[in-house]
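Q: Quick one: the structure is below, and I'll ask about it shortly.
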Amino acid sequence: MSNLNSIQYFIPELFLTAAILVLIIVDLVLKDRKGHIIAYLTAASAIIAGILAYQQFNLPAASLFQGMIVVDSFAIFFKILAAFSTAIIVFISLDSFGDKAEYNILLLIVTLGMFLMPAVNDILMIIIAMEIVGLMSYVLAGFHKKDLKSTEAALKYMIYGAASTGIMAFGFSLIYGLTGHTNLYDIQTALVNGHANPVAMFVAFMMILGGLGYKIAMVPFHFWVPDVYEGAPTPVTAFLSVGPKAAGFALFIRFLVTVIAHPTYGSFGSFTQNVQIQAPLLLAVLAVLTMTLGNFSALNQKNIKRMLGYSAIAHVGYMVMALVVLNNDAFGAVMFYMIVYLFMNFGAFWVVESFASKLGGEEIENYKGLGYRDPFTAVSMAIFMFSLTGLPPFAGFIGKVYLFSAVIKQGWYILALIGVLNSVVSLFYYLSVVKSMFLRQEDENVPIQSSLYHKVLVVIFVVPTLLLGVYWQPIINFTTHSIGIFFGK
Amino acid sequence: MEANQILFIAIALLTVLSAAMVAFSNKLIHSAFALLATFTGFAMLYVYLSADFLAVTQIVVYVGGILILILFGVLMTHKIYSTTKKTAHNSLIVSLLGGILSAGLILFIISKAPWAPLLAKGFNPTTAIIGKEILTGYLLPFEIISVLLLGALIGAIYIARAEDK
Amino acid sequence: MVGFYTVLLFIFTGAFLVSFTVALSRFFAPTKQYPEKLIPYECGDLPQGDAWIQFNNRFYIVALIFLIFDVEVMFLFPWAVVFNDMGLLAFVEMFIFIVVLLVGYAYVWVKGDLDWIKPKPRLEHLAKGKGE
């Protein structure tokens, strides 16, 4: 579609861009009198952009700006997820960063990047969209300038990120050299019709995994996660573990079904590799490594943010496991899991964020006796922990059921078995938090008064975690409708 | 043609050797200045690839901008005389092996893979083509880059600012 | 490509001239070194402290701002080459690009990152004492 015609389908992103510019100007005009206005405006812009994206849901899928990006239901689903997670994060960080204009503006720019990432249809746009999200995330991770840990987190995140982007760009250059195209659909056509060298394709795939795997924190590109998750401000950690990761998964899936595979003829919703490079097997090995390493490293953690960081690696392992089978069932399961993960993970991080000062730290030890000091929060935290483990009747269980059934249906039994065993291992460290809260007491149990704001947010996270565990059909219907991936230029 | 090849080898040597100096020099400032030669060498290699605009960009942005920034960064270092770079030599064999392996793999791919046919042979000026493309086919990346630069500006300034006012 | 040979010739000539003259003076000049001659020249006074002082952070910030707009300028070149052929469309597209970055410029300006105020002298207590 030509540039001028594309604009009418590009309204959510245009709105976000305009909102970014307006927010900067508002910040400059109001100077010190702004209070939390910028934060509220950021949340409002994110939500409006999400609604604008949702309005495109029933439009026919198309490619925009001469094949640079596409608009299809798959992209729209992740756009809504991105907008929602940004809005939530603004409220989670209202206490710490509500009056910091730069924080909220950067958050909105990340949102723009997350709107572009699921929709990319060109190698150039992949790099630009990932760089928007990446660069702003580096700054956000180091937003506590005076805190050495936060600065170190930003530095590590940035240096590893730059290296992985460089490797990914090299991989893309190989693919461009092999096919002579930058458009993903053209690459797919060229690969299906041509005879690319499997070794070259495999090396290119590995290199690109360096960049994509870094964004979603997959082993062996996970090494930044513990330090960054611990050092970065808690709201930023929560954001990084959900928002950019979801967008990264969307990009990953789109990359898999265009550059690595193409729709199988005559069988709806499944994909065949363009060049026989054993991509599923490679992904299966990486998934096993990711979840095992994440879970076993989480066992010995004393700091709850670090523990959640390692557990986030493990959850990436479960989701990569579903990508192995390359069909729509699995993609739907990943999308559903992303929604569930958003609520339970944000919930856990919100409790960590709002109770860090009240409990005097972010060590698991600090949570001792919380069940007697603030039963409401402790029970909610326990629900998040059980749900993250994947115990019924919580939402995490349903998410895992869909993930595992997608894998088992295609006959990857050993992979599913390793996944189940890993979930059992994860029970130990999630329960250690619960144990610390309920089974151990301090000498005197001073009740903790939590604000109404804290309680309302906890309820917002707890209710979906409980509800999706017993009544998940509408969400599954929504995700199944959303797997319309557009192929074309 | 023969002279051209000698020139190419000279440029490649300049690039690789100065890059090695960046990596192995123990003085921060020496590394920074060796980077100047690396960047310039890259610009010359771009000319060989018929990417004249990219070569000039390399000089203007990398040599004229990023290198200056790196030098400022070096100059702002505390106790510059006692600060030495520590290049880890303890894993020399592993890194050497890894480097040789990946270089061999890339060489193998470069020689064996069926590359897409060349779009154009010989040296053609590219600036006008790039100008036309960023205004038509690649309009979206071009406009999005302005937002990326805006974000980078705000983020970098926020991090670099001395004190919150 | 021919233009770049000129550039190469220029680089070679420059490198040759500089190294030639330096070598020439090295060859002809008498070398008598004594400790006083080896100290840095600071207008005849004895040098005080290190020659390597820590830079003011503001230089760095200005360099950062310069870098961003340097990249922007690199996009202006190819645009300027085709501007005559593309007409109004090219103008509008570049206008949007510049406006977005102009907001960034406004940001650094209003926030005072371009100001070059000297730090306030810490003599306020003296001035106060005098007044009372």
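We label chains A, B, ... in the order they appear in the structure tokens, count residues from 1 in each chain, and number ligands from 1 in the order shown.
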For chain A versus chain B, which residues have an atom no more than 8 Å away, and what is each residue's nearest atom pair and distance in Å rounded to one decimal, using only C-alpha atoms, chain-then-number order, as CSV?
A:
```
residue,atom,partner,partner_atom,distance
A:Asn3,CA,B:Thr136,CA,7.5
A:Thr17,CA,B:Val147,CA,7.6
A:Phe65,CA,B:Leu140,CA,6.5
A:Gln66,CA,B:Gly137,CA,5.9
A:Met68,CA,B:Leu140,CA,7.1
A:Glu102,CA,B:Ile154,CA,7.2
A:Leu106,CA,B:Gly151,CA,6.5
A:Ile109,CA,B:Gly151,CA,6.8
A:Leu124,CA,B:Pro141,CA,7.3
A:Met125,CA,B:Pro141,CA,6.2
A:Ile128,CA,B:Pro141,CA,7.2
A:Glu131,CA,B:Leu148,CA,7.9
A:Ile132,CA,B:Leu148,CA,5.6
A:Leu135,CA,B:Ala152,CA,6.9
A:Met136,CA,B:Gly155,CA,6.8
A:Val139,CA,B:Gly155,CA,5.8
A:Gly142,CA,B:Ile159,CA,7.8
A:Phe143,CA,B:Ile159,CA,7.5
A:Lys145,CA,B:Ile159,CA,6.9
A:Gly177,CA,B:Trp115,CA,5.6
A:Leu178,CA,B:Trp115,CA,4.6
A:Thr179,CA,B:Ala116,CA,5.4
A:Gly180,CA,B:Ala116,CA,5.3
A:His195,CA,B:Pro114,CA,7.9
A:Ala196,CA,B:Pro114,CA,6.4
A:Asn197,CA,B:Ala113,CA,5.4
A:Val199,CA,B:Ile109,CA,7.1
A:Ala200,CA,B:Ile109,CA,5.5
```
Q: I need the chosen residues saved as a compact mmCIF listing (two decimals), in the first residue's frame, with N, CA and C atoms.
A:
```txt
# COMPACT_ATOMS: atom_id res chain seq x y z
N ASN A 3 2.37 5.09 0.55
CA ASN A 3 2.59 5.78 1.82
C ASN A 3 1.39 6.59 2.26
N THR A 17 2.96 8.95 18.61
CA THR A 17 4.02 9.90 18.29
C THR A 17 3.60 11.31 18.69
N PHE A 65 2.95 1.16 4.05
CA PHE A 65 4.18 1.89 3.75
C PHE A 65 5.09 1.06 2.83
N GLN A 66 4.51 0.57 1.75
CA GLN A 66 5.25 -0.18 0.73
C GLN A 66 5.98 -1.38 1.33
N MET A 68 6.69 -2.04 4.58
CA MET A 68 7.54 -1.88 5.76
C MET A 68 6.93 -2.57 6.98
N GLU A 102 10.68 12.66 32.28
CA GLU A 102 11.49 11.88 31.33
C GLU A 102 11.11 10.40 31.38
N LEU A 106 9.86 8.49 28.11
CA LEU A 106 10.61 7.35 27.58
C LEU A 106 9.74 6.10 27.53
N ILE A 109 7.74 6.25 24.51
CA ILE A 109 8.51 5.95 23.29
C ILE A 109 8.72 4.45 23.18
N LEU A 124 14.87 -3.88 7.99
CA LEU A 124 15.24 -2.57 8.49
C LEU A 124 14.34 -2.15 9.65
N MET A 125 13.03 -2.41 9.49
CA MET A 125 12.09 -2.04 10.55
C MET A 125 12.32 -2.89 11.80
N ILE A 128 15.16 -1.18 13.60
CA ILE A 128 14.79 0.12 14.16
C ILE A 128 13.84 -0.05 15.35
N GLU A 131 15.62 -1.35 18.31
CA GLU A 131 16.51 -0.35 18.89
C GLU A 131 15.74 0.70 19.69
N ILE A 132 14.55 1.06 19.20
CA ILE A 132 13.74 2.02 19.97
C ILE A 132 13.46 1.43 21.36
N LEU A 135 17.08 0.95 23.34
CA LEU A 135 17.76 2.15 23.83
C LEU A 135 17.01 2.77 25.01
N MET A 136 15.67 2.86 24.87
CA MET A 136 14.91 3.49 25.95
C MET A 136 14.94 2.61 27.21
N VAL A 139 18.04 3.26 29.29
CA VAL A 139 17.94 4.46 30.13
C VAL A 139 17.03 4.19 31.32
N GLY A 142 18.61 2.41 34.13
CA GLY A 142 19.54 3.20 34.94
C GLY A 142 18.93 4.47 35.45
N PHE A 143 17.60 4.46 35.66
CA PHE A 143 16.94 5.72 35.98
C PHE A 143 17.28 6.25 37.36
N LYS A 145 19.86 7.41 39.07
CA LYS A 145 21.23 7.74 38.69
C LYS A 145 22.21 7.60 39.84
N GLY A 177 22.08 -11.13 1.78
CA GLY A 177 23.00 -11.59 0.75
C GLY A 177 22.47 -12.83 0.04
N LEU A 178 21.81 -13.70 0.80
CA LEU A 178 21.32 -14.95 0.20
C LEU A 178 20.12 -14.72 -0.70
N THR A 179 19.26 -13.78 -0.29
CA THR A 179 18.01 -13.63 -1.01
C THR A 179 17.95 -12.34 -1.84
N GLY A 180 18.69 -11.34 -1.44
CA GLY A 180 18.64 -10.06 -2.15
C GLY A 180 17.42 -9.22 -1.80
N HIS A 195 17.25 -22.15 -3.67
CA HIS A 195 17.92 -23.25 -2.96
C HIS A 195 19.06 -22.65 -2.14
N ALA A 196 18.69 -22.07 -0.99
CA ALA A 196 19.70 -21.45 -0.16
C ALA A 196 20.53 -22.52 0.53
N ASN A 197 21.76 -22.16 0.80
CA ASN A 197 22.67 -23.06 1.50
C ASN A 197 22.20 -23.25 2.95
N VAL A 199 23.75 -24.40 5.55
CA VAL A 199 24.74 -23.96 6.54
C VAL A 199 24.66 -22.45 6.73
N ALA A 200 24.60 -21.73 5.61
CA ALA A 200 24.52 -20.27 5.71
C ALA A 200 23.25 -19.84 6.43
```
Q: Could you please tell me, as number ranges by chain, which residues of chain C have an atom within 8 Å of chain A when using only C-alpha atoms?
A: C: 100, 103, 107, 110-111
Q: Next, dump the selected residues to file, keeping only C-alpha atoms, as an mmCIF file, in the first residue's frame.
A:
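Final output, again.cif:
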```cif
data_model
loop_
_atom_site.group_PDB
_atom_site.id
_atom_site.type_symbol
_atom_site.label_atom_id
_atom_site.label_comp_id
_atom_site.auth_asym_id
_atom_site.auth_seq_id
_atom_site.Cartn_x
_atom_site.Cartn_y
_atom_site.Cartn_z
ATOM 1 C CA VAL C 100 10.206 15.875 15.816
ATOM 2 C CA VAL C 103 11.027 19.218 20.038
ATOM 3 C CA TYR C 107 13.772 20.101 25.470
ATOM 4 C CA VAL C 110 14.406 24.837 28.123
ATOM 5 C CA LYS C 111 15.908 22.364 30.575
#
```
Q: Could you list, as a PDB file with N, CA and C atoms, in the first residue's frame, every residue of chain C that has an atom within 10 Å of an atom of chain B, counting only C-alpha atoms?
A:
```
ATOM      1  N   MET C   1      34.224   7.255  -8.309  1.00  0.00           N
ATOM      2  CA  MET C   1      35.413   6.668  -7.680  1.00  0.00           C
ATOM      3  C   MET C   1      36.603   7.601  -7.835  1.00  0.00           C
ATOM      4  N   VAL C   2      36.651   8.324  -8.977  1.00  0.00           N
ATOM      5  CA  VAL C   2      37.806   9.194  -9.235  1.00  0.00           C
ATOM      6  C   VAL C   2      37.937  10.241  -8.130  1.00  0.00           C
ATOM      7  N   PHE C   4      37.307   9.943  -5.106  1.00  0.00           N
ATOM      8  CA  PHE C   4      37.915   9.397  -3.906  1.00  0.00           C
ATOM      9  C   PHE C   4      39.419   9.209  -4.067  1.00  0.00           C
ATOM     10  N   LEU C   8      42.289  10.391  -1.560  1.00  0.00           N
ATOM     11  CA  LEU C   8      43.411   9.545  -1.160  1.00  0.00           C
ATOM     12  C   LEU C   8      44.731  10.277  -1.375  1.00  0.00           C
ATOM     13  N   ASP C  50      48.650  18.514  37.510  1.00  0.00           N
ATOM     14  CA  ASP C  50      48.646  17.691  36.313  1.00  0.00           C
ATOM     15  C   ASP C  50      48.225  18.503  35.104  1.00  0.00           C
ATOM     16  N   TRP C  52      46.642  16.932  32.948  1.00  0.00           N
ATOM     17  CA  TRP C  52      45.428  16.203  32.632  1.00  0.00           C
ATOM     18  C   TRP C  52      44.371  16.481  33.693  1.00  0.00           C
ATOM     19  N   ILE C  53      43.546  17.471  33.438  1.00  0.00           N
ATOM     20  CA  ILE C  53      42.509  17.775  34.416  1.00  0.00           C
ATOM     21  C   ILE C  53      41.229  17.088  33.993  1.00  0.00           C
ATOM     22  N   GLN C  54      40.343  16.863  34.989  1.00  0.00           N
ATOM     23  CA  GLN C  54      39.076  16.239  34.654  1.00  0.00           C
ATOM     24  C   GLN C  54      38.179  17.231  33.942  1.00  0.00           C
ATOM     25  N   PHE C  55      37.570  16.784  32.868  1.00  0.00           N
ATOM     26  CA  PHE C  55      36.767  17.673  32.047  1.00  0.00           C
ATOM     27  C   PHE C  55      35.468  18.023  32.729  1.00  0.00           C
ATOM     28  N   ASN C  56      34.958  19.200  32.390  1.00  0.00           N
ATOM     29  CA  ASN C  56      33.631  19.568  32.852  1.00  0.00           C
ATOM     30  C   ASN C  56      32.601  18.713  32.112  1.00  0.00           C
ATOM     31  N   ASN C  57      31.617  18.248  32.872  1.00  0.00           N
ATOM     32  CA  ASN C  57      30.571  17.392  32.336  1.00  0.00           C
ATOM     33  C   ASN C  57      29.813  18.064  31.188  1.00  0.00           C
ATOM     34  N   ARG C  58      29.776  19.415  31.202  1.00  0.00           N
ATOM     35  CA  ARG C  58      28.966  20.121  30.196  1.00  0.00           C
ATOM     36  C   ARG C  58      29.494  19.925  28.782  1.00  0.00           C
ATOM     37  N   PHE C  59      30.813  19.782  28.663  1.00  0.00           N
ATOM     38  CA  PHE C  59      31.373  19.512  27.340  1.00  0.00           C
ATOM     39  C   PHE C  59      30.756  18.241  26.772  1.00  0.00           C
ATOM     40  N   TYR C  60      30.635  17.266  27.643  1.00  0.00           N
ATOM     41  CA  TYR C  60      30.126  15.972  27.221  1.00  0.00           C
ATOM     42  C   TYR C  60      28.679  16.085  26.761  1.00  0.00           C
ATOM     43  N   ILE C  61      27.887  16.847  27.519  1.00  0.00           N
ATOM     44  CA  ILE C  61      26.472  16.987  27.163  1.00  0.00           C
ATOM     45  C   ILE C  61      26.331  17.680  25.818  1.00  0.00           C
ATOM     46  N   VAL C  62      27.137  18.728  25.616  1.00  0.00           N
ATOM     47  CA  VAL C  62      27.071  19.428  24.330  1.00  0.00           C
ATOM     48  C   VAL C  62      27.497  18.486  23.207  1.00  0.00           C
ATOM     49  N   ALA C  63      28.512  17.649  23.483  1.00  0.00           N
ATOM     50  CA  ALA C  63      28.949  16.698  22.466  1.00  0.00           C
ATOM     51  C   ALA C  63      27.845  15.699  22.142  1.00  0.00           C
ATOM     52  N   LEU C  64      27.114  15.282  23.166  1.00  0.00           N
ATOM     53  CA  LEU C  64      25.988  14.363  22.945  1.00  0.00           C
ATOM     54  C   LEU C  64      24.939  15.000  22.044  1.00  0.00           C
ATOM     55  N   ILE C  65      24.591  16.262  22.376  1.00  0.00           N
ATOM     56  CA  ILE C  65      23.578  16.952  21.572  1.00  0.00           C
ATOM     57  C   ILE C  65      24.084  17.100  20.140  1.00  0.00           C
ATOM     58  N   PHE C  66      25.377  17.427  20.019  1.00  0.00           N
ATOM     59  CA  PHE C  66      25.971  17.565  18.692  1.00  0.00           C
ATOM     60  C   PHE C  66      25.835  16.267  17.899  1.00  0.00           C
ATOM     61  N   LEU C  67      26.091  15.157  18.571  1.00  0.00           N
ATOM     62  CA  LEU C  67      26.073  13.867  17.871  1.00  0.00           C
ATOM     63  C   LEU C  67      24.693  13.573  17.287  1.00  0.00           C
ATOM     64  N   ILE C  68      23.659  13.826  18.113  1.00  0.00           N
ATOM     65  CA  ILE C  68      22.295  13.559  17.641  1.00  0.00           C
ATOM     66  C   ILE C  68      21.997  14.385  16.392  1.00  0.00           C
ATOM     67  N   PHE C  69      22.360  15.681  16.435  1.00  0.00           N
ATOM     68  CA  PHE C  69      22.022  16.519  15.292  1.00  0.00           C
ATOM     69  C   PHE C  69      22.970  16.284  14.123  1.00  0.00           C
ATOM     70  N   ASP C  70      24.136  15.735  14.424  1.00  0.00           N
ATOM     71  CA  ASP C  70      25.056  15.299  13.373  1.00  0.00           C
ATOM     72  C   ASP C  70      24.401  14.212  12.534  1.00  0.00           C
ATOM     73  N   VAL C  71      23.780  13.259  13.219  1.00  0.00           N
ATOM     74  CA  VAL C  71      23.093  12.182  12.507  1.00  0.00           C
ATOM     75  C   VAL C  71      21.948  12.759  11.682  1.00  0.00           C
ATOM     76  N   GLU C  72      21.248  13.718  12.275  1.00  0.00           N
ATOM     77  CA  GLU C  72      20.143  14.336  11.546  1.00  0.00           C
ATOM     78  C   GLU C  72      20.644  14.986  10.263  1.00  0.00           C
ATOM     79  N   VAL C  73      21.784  15.678  10.360  1.00  0.00           N
ATOM     80  CA  VAL C  73      22.337  16.367   9.194  1.00  0.00           C
ATOM     81  C   VAL C  73      22.670  15.376   8.090  1.00  0.00           C
ATOM     82  N   MET C  74      23.135  14.181   8.490  1.00  0.00           N
ATOM     83  CA  MET C  74      23.483  13.192   7.477  1.00  0.00           C
ATOM     84  C   MET C  74      22.263  12.773   6.665  1.00  0.00           C
ATOM     85  N   PHE C  75      21.062  12.883   7.279  1.00  0.00           N
ATOM     86  CA  PHE C  75      19.857  12.577   6.510  1.00  0.00           C
ATOM     87  C   PHE C  75      19.477  13.735   5.589  1.00  0.00           C
ATOM     88  N   LEU C  76      19.959  14.936   5.936  1.00  0.00           N
ATOM     89  CA  LEU C  76      19.610  16.091   5.114  1.00  0.00           C
ATOM     90  C   LEU C  76      20.326  16.058   3.767  1.00  0.00           C
ATOM     91  N   PHE C  77      21.530  15.476   3.721  1.00  0.00           N
ATOM     92  CA  PHE C  77      22.308  15.497   2.478  1.00  0.00           C
ATOM     93  C   PHE C  77      21.586  14.807   1.318  1.00  0.00           C
ATOM     94  N   PRO C  78      21.227  13.531   1.471  1.00  0.00           N
ATOM     95  CA  PRO C  78      20.565  12.886   0.325  1.00  0.00           C
ATOM     96  C   PRO C  78      19.238  13.544  -0.010  1.00  0.00           C
ATOM     97  N   TRP C  79      18.582  14.095   1.022  1.00  0.00           N
ATOM     98  CA  TRP C  79      17.321  14.790   0.785  1.00  0.00           C
ATOM     99  C   TRP C  79      17.563  16.019  -0.083  1.00  0.00           C
ATOM    100  N   ALA C  80      18.628  16.773   0.249  1.00  0.00           N
ATOM    101  CA  ALA C  80      18.919  17.994  -0.491  1.00  0.00           C
ATOM    102  C   ALA C  80      19.236  17.680  -1.959  1.00  0.00           C
ATOM    103  N   VAL C  81      19.868  16.520  -2.198  1.00  0.00           N
ATOM    104  CA  VAL C  81      20.248  16.177  -3.570  1.00  0.00           C
ATOM    105  C   VAL C  81      19.017  15.987  -4.450  1.00  0.00           C
ATOM    106  N   VAL C  82      17.967  15.367  -3.873  1.00  0.00           N
ATOM    107  CA  VAL C  82      16.800  15.070  -4.697  1.00  0.00           C
ATOM    108  C   VAL C  82      15.673  16.072  -4.492  1.00  0.00           C
ATOM    109  N   PHE C  83      15.893  17.085  -3.692  1.00  0.00           N
ATOM    110  CA  PHE C  83      14.802  17.994  -3.331  1.00  0.00           C
ATOM    111  C   PHE C  83      14.156  18.618  -4.560  1.00  0.00           C
ATOM    112  N   ASP C  85      13.799  17.483  -7.567  1.00  0.00           N
ATOM    113  CA  ASP C  85      12.967  16.582  -8.350  1.00  0.00           C
ATOM    114  C   ASP C  85      11.685  16.210  -7.620  1.00  0.00           C
ATOM    115  N   MET C  86      11.755  16.135  -6.288  1.00  0.00           N
ATOM    116  CA  MET C  86      10.622  15.597  -5.536  1.00  0.00           C
ATOM    117  C   MET C  86       9.611  16.672  -5.161  1.00  0.00           C
ATOM    118  N   LEU C  89       6.399  17.176  -1.754  1.00  0.00           N
ATOM    119  CA  LEU C  89       6.357  15.944  -0.960  1.00  0.00           C
ATOM    120  C   LEU C  89       7.617  15.820  -0.109  1.00  0.00           C
ATOM    121  N   ALA C  90       8.767  16.042  -0.759  1.00  0.00           N
ATOM    122  CA  ALA C  90      10.038  15.956  -0.042  1.00  0.00           C
ATOM    123  C   ALA C  90      10.080  16.978   1.082  1.00  0.00           C
ATOM    124  N   PHE C  91       9.545  18.159   0.800  1.00  0.00           N
ATOM    125  CA  PHE C  91       9.551  19.214   1.819  1.00  0.00           C
ATOM    126  C   PHE C  91       8.741  18.791   3.037  1.00  0.00           C
ATOM    127  N   VAL C  92       7.518  18.276   2.792  1.00  0.00           N
ATOM    128  CA  VAL C  92       6.645  17.890   3.904  1.00  0.00           C
ATOM    129  C   VAL C  92       7.289  16.781   4.724  1.00  0.00           C
ATOM    130  N   GLU C  93       7.859  15.784   4.023  1.00  0.00           N
ATOM    131  CA  GLU C  93       8.423  14.646   4.738  1.00  0.00           C
ATOM    132  C   GLU C  93       9.606  15.061   5.605  1.00  0.00           C
ATOM    133  N   MET C  94      10.454  15.927   5.060  1.00  0.00           N
ATOM    134  CA  MET C  94      11.593  16.379   5.860  1.00  0.00           C
ATOM    135  C   MET C  94      11.135  17.302   6.986  1.00  0.00           C
ATOM    136  N   ILE C  96       8.403  17.035   8.767  1.00  0.00           N
ATOM    137  CA  ILE C  96       7.983  16.199   9.903  1.00  0.00           C
ATOM    138  C   ILE C  96       9.205  15.714  10.676  1.00  0.00           C
ATOM    139  N   PHE C  97      10.196  15.241   9.909  1.00  0.00           N
ATOM    140  CA  PHE C  97      11.433  14.728  10.523  1.00  0.00           C
ATOM    141  C   PHE C  97      12.073  15.792  11.410  1.00  0.00           C
ATOM    142  N   ILE C  98      12.160  17.009  10.862  1.00  0.00           N
ATOM    143  CA  ILE C  98      12.845  18.079  11.587  1.00  0.00           C
ATOM    144  C   ILE C  98      12.027  18.512  12.795  1.00  0.00           C
ATOM    145  N   VAL C  99      10.685  18.569  12.629  1.00  0.00           N
ATOM    146  CA  VAL C  99       9.844  19.038  13.736  1.00  0.00           C
ATOM    147  C   VAL C  99      10.020  18.123  14.946  1.00  0.00           C
ATOM    148  N   VAL C 100      10.048  16.805  14.701  1.00  0.00           N
ATOM    149  CA  VAL C 100      10.206  15.875  15.816  1.00  0.00           C
ATOM    150  C   VAL C 100      11.522  16.156  16.548  1.00  0.00           C
ATOM    151  N   LEU C 101      12.580  16.381  15.776  1.00  0.00           N
ATOM    152  CA  LEU C 101      13.859  16.632  16.431  1.00  0.00           C
ATOM    153  C   LEU C 101      13.922  18.015  17.052  1.00  0.00           C
ATOM    154  N   LEU C 102      13.131  18.936  16.477  1.00  0.00           N
ATOM    155  CA  LEU C 102      13.099  20.280  17.037  1.00  0.00           C
ATOM    156  C   LEU C 102      12.534  20.259  18.454  1.00  0.00           C
ATOM    157  N   VAL C 103      11.569  19.366  18.682  1.00  0.00           N
ATOM    158  CA  VAL C 103      11.027  19.218  20.038  1.00  0.00           C
ATOM    159  C   VAL C 103      12.149  18.799  20.987  1.00  0.00           C
ATOM    160  N   GLY C 104      13.015  17.899  20.506  1.00  0.00           N
ATOM    161  CA  GLY C 104      14.157  17.509  21.327  1.00  0.00           C
ATOM    162  C   GLY C 104      15.075  18.682  21.593  1.00  0.00           C
ATOM    163  N   TYR C 105      15.244  19.517  20.588  1.00  0.00           N
ATOM    164  CA  TYR C 105      16.090  20.703  20.768  1.00  0.00           C
ATOM    165  C   TYR C 105      15.474  21.639  21.800  1.00  0.00           C
ATOM    166  N   TYR C 107      13.605  20.760  24.163  1.00  0.00           N
ATOM    167  CA  TYR C 107      13.772  20.101  25.470  1.00  0.00           C
ATOM    168  C   TYR C 107      15.115  20.474  26.093  1.00  0.00           C
ATOM    169  N   VAL C 108      16.210  20.292  25.330  1.00  0.00           N
ATOM    170  CA  VAL C 108      17.518  20.572  25.931  1.00  0.00           C
ATOM    171  C   VAL C 108      17.682  22.060  26.206  1.00  0.00           C
ATOM    172  N   LYS C 111      15.399  22.989  29.355  1.00  0.00           N
ATOM    173  CA  LYS C 111      15.908  22.364  30.575  1.00  0.00           C
ATOM    174  C   LYS C 111      17.257  22.934  31.002  1.00  0.00           C
ATOM    175  N   GLY C 112      17.827  23.801  30.176  1.00  0.00           N
ATOM    176  CA  GLY C 112      19.047  24.482  30.584  1.00  0.00           C
ATOM    177  C   GLY C 112      20.315  23.693  30.358  1.00  0.00           C
ATOM    178  N   ASP C 113      20.253  22.690  29.489  1.00  0.00           N
ATOM    179  CA  ASP C 113      21.474  21.931  29.244  1.00  0.00           C
ATOM    180  C   ASP C 113      22.435  22.674  28.329  1.00  0.00           C
TER     181      ASP C 113
END
```
Q: Residues of region 183-416 of chain A in alpha helix (DSSP H) according to DSSP, as a PyMOL selection string?
A: chain A and resi 184-193+198-216+225-231+234-255+279-298+304-323+328-359+370-373+375-389+395-409+413-416
Q: Please indicate the distance in Å from CA of Pro60 (chain A) to CA of Leu256 (chain A), rounded to one decimal place.
A: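 Answer for the CA of Pro60 (chain A) to CA of Leu256 (chain A) separation: 22.5 Å.
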